[in-house]
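Student: There's a structure below that I have some questions on.
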Amino acid sequence: MPDYRLGRLNGRWVVTWWQDGRRRRYRLDAAGEGDAKRQAIDVIRRERAAPQGDTVATLWEAYRKEKEGRRVAAAMGHEWKAIGPHFGHLRPDQVTVETCREYVAKRRRQSPKGRTGKIHDGTIWTELGHLRTVFTWAHKRRLIAFAPPVERPPKPAPKDRWLTAGEIERLYATPMAPHIALAIRVMLSTAARVGAVLELRWDRVDFEGGIVDLRASDIGPRKGRAVVPMNDGLRAALSAARAIALSDYVVEWAGEPVRSIKTGFNAAMKAAGLAGVSPHVLRHTAAVHLVANGVPMARVSQLLGHSNTALTERVYARFAPDHLRDEVAILDFTKSPSGSLNLKEVRKKDASA
């Protein structure tokens, strides 16, 4: 056992000792000096025997560097302001369900910077999801022995908001900054995510073939990104923007790529008198109008860049004009029972089987 010193700090017993050339201090839960001495010995033994390895902070930054240049890296840079103080000093093997629950409780008590209200569970769900992704990534690369479980709050139900044809017409007629108007036009015309639109470069726009390739490259990222034909309205908007372009990016401001359209987008929605509209609502709007007009689910799924139609159907099937119409017709027991199930016949068949 190394030499150690017991003391009091803010009314609590603490133990201090030197380990590997560094001073270590640990707060105890002891009530009296005798309990403090016993706890101090246990703490020091545990800490000296604890396995050494990368901390969450080290792994988080390593993952961000690998994803450098992608929007997720920038997003995780902002998220670290919340994740870091709670998890950063821990090793992955020290992350437990309890530490996750403590984080959720703490975040729910906080307010968004510069705004009133509370942090939404959707934000917390995303932050802890990125922590889980980092652990999975580190485990696959054998940087850690196992990926610890990360408990998240239930994912909130998506906001069921989309724009009607009249609201879209009003939005298009609203004066706004040119780059905001172009971004909105591209999102509604391609059902693209805002990230894909802001990363879209002119070399991915094929005017001759009439195609917009929303992928950042031929190899990815592909999540929610598709190769989409231009409609007439989008071709006109892109042609006008290309004629005065000052950079390689479709959506630009003063010759520079745009990282966020949040401020301009919200101002445009306010000017148009539209409430509860985020950039993702425009993607949702495009999908709803496609399904409501009878476009087959497989084609909608392809346009949205979904990996399979199951996700598309789960979210959008209810908007289809004939969704479950044949099924509920079977349940109309007010009609003639001539074609209905004869339970007596069924019982006879079961008995003879």
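By order in the structure tokens, chains are A, B, ...; within a chain, residues start at 1; ligands start at 1, following the order shown.
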Could you pull out the alpha helix (DSSP H) residues of stretch 111-156 of chain A, going by DSSP on the backbone, and write them as a list in words?

Tutor: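 Answer for stretch 111-156 of chain A, restricted to alpha helix (DSSP H): Asp121, Gly122, Thr123, Ile124, Trp125, Thr126, Glu127, Leu128, Gly129, His130, Leu131, Arg132, Thr133, Val134, Phe135, Thr136, Trp137, Ala138, His139 and Lys140 of chain A.
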
Student: List the spatial neighbours of stretch 306-321 of chain A as a ChimeraX atom specification - criterion: any atom at most 12 Å away, only C-alpha atoms, same-chain residues fewer than 2 positions off excluded.

Tutor: /A:157-160,162,191-192,222-226,284-304,323-326

Student: Of the residues A:His130, A:Leu59, A:Arg101, A:Trp125, which is the one nearest to A:Met76, using only C-alpha atoms?

Tutor: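 The shortest atom-to-atom distance to A:Met76 comes from A:His130.
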
Student: I want to know what sits within 12 Å of A:Arg152, based on only C-alpha atoms, with residues of the same chain fewer than 5 positions away left out; could you give that as a compact mmCIF listing (two decimals) with N, CA and C atoms, in the first residue's frame?

Tutor:
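Result saved to around-v2.txt:
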```txt
# COMPACT_ATOMS: atom_id res chain seq x y z
N THR A 96 -21.79 2.03 -17.34
CA THR A 96 -22.83 1.10 -16.94
C THR A 96 -24.21 1.67 -17.29
N VAL A 97 -25.21 0.83 -17.11
CA VAL A 97 -26.58 1.29 -17.31
C VAL A 97 -26.87 2.45 -16.36
N GLU A 98 -26.34 2.37 -15.15
CA GLU A 98 -26.58 3.42 -14.17
C GLU A 98 -25.97 4.75 -14.59
N THR A 99 -24.74 4.72 -15.14
CA THR A 99 -24.13 5.98 -15.58
C THR A 99 -24.93 6.58 -16.74
N CYS A 100 -25.52 5.73 -17.57
CA CYS A 100 -26.36 6.22 -18.67
C CYS A 100 -27.64 6.86 -18.13
N ARG A 101 -28.23 6.21 -17.13
CA ARG A 101 -29.45 6.76 -16.55
C ARG A 101 -29.18 8.09 -15.85
N GLU A 102 -28.04 8.19 -15.20
CA GLU A 102 -27.68 9.46 -14.56
C GLU A 102 -27.52 10.56 -15.60
N TYR A 103 -26.95 10.20 -16.74
CA TYR A 103 -26.78 11.18 -17.82
C TYR A 103 -28.14 11.64 -18.34
N VAL A 104 -29.05 10.70 -18.55
CA VAL A 104 -30.38 11.05 -19.04
C VAL A 104 -31.08 11.99 -18.07
N ALA A 105 -31.00 11.66 -16.77
CA ALA A 105 -31.65 12.50 -15.76
C ALA A 105 -31.05 13.90 -15.74
N ARG A 107 -29.47 15.50 -18.23
CA ARG A 107 -29.79 16.23 -19.45
C ARG A 107 -31.23 16.72 -19.45
N ASP A 121 -35.96 14.40 -25.29
CA ASP A 121 -35.43 13.03 -25.25
C ASP A 121 -34.84 12.62 -26.59
N GLY A 122 -35.35 13.20 -27.68
CA GLY A 122 -34.78 12.89 -28.99
C GLY A 122 -33.32 13.29 -29.09
N THR A 123 -32.97 14.43 -28.48
CA THR A 123 -31.58 14.88 -28.46
C THR A 123 -30.72 13.93 -27.65
N ILE A 124 -31.22 13.54 -26.47
CA ILE A 124 -30.49 12.62 -25.60
C ILE A 124 -30.33 11.26 -26.29
N TRP A 125 -31.37 10.81 -26.97
CA TRP A 125 -31.35 9.54 -27.69
C TRP A 125 -30.24 9.55 -28.74
N THR A 126 -30.10 10.66 -29.45
CA THR A 126 -29.06 10.77 -30.48
C THR A 126 -27.67 10.80 -29.86
N GLU A 127 -27.50 11.57 -28.79
CA GLU A 127 -26.18 11.67 -28.13
C GLU A 127 -25.70 10.31 -27.64
N LEU A 128 -26.57 9.60 -26.94
CA LEU A 128 -26.18 8.28 -26.45
C LEU A 128 -26.05 7.27 -27.58
N GLY A 129 -26.77 7.49 -28.66
CA GLY A 129 -26.61 6.63 -29.84
C GLY A 129 -25.23 6.76 -30.44
N HIS A 130 -24.70 7.97 -30.47
CA HIS A 130 -23.34 8.16 -30.96
C HIS A 130 -22.31 7.54 -30.01
N LEU A 131 -22.59 7.58 -28.70
CA LEU A 131 -21.70 6.91 -27.76
C LEU A 131 -21.69 5.41 -28.02
N ARG A 132 -22.86 4.83 -28.26
CA ARG A 132 -22.95 3.40 -28.58
C ARG A 132 -22.20 3.09 -29.87
```

Student: From stretch 196-342 of chain A, collect each residue whose DSSP state is strand (DSSP E or B) and return the set as an NGL selection string.

Tutor: :A and (201 or 205-206 or 211-213 or 227-229 or 249 or 252-253 or 256-257)

Student: Would you please work out which residue, of A:Ala138, A:Ala236, A:Ala241, A:His78, is nearest to A:Glu66 when using only C-alpha atoms?

Tutor: A:Ala138

Student: Of the residues A:Glu199, A:Glu61, A:Glu79, A:Glu68, which is the one nearest to A:Phe135, using only C-alpha atoms?

Tutor: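 Closest to A:Phe135 of all the choices is A:Glu61.
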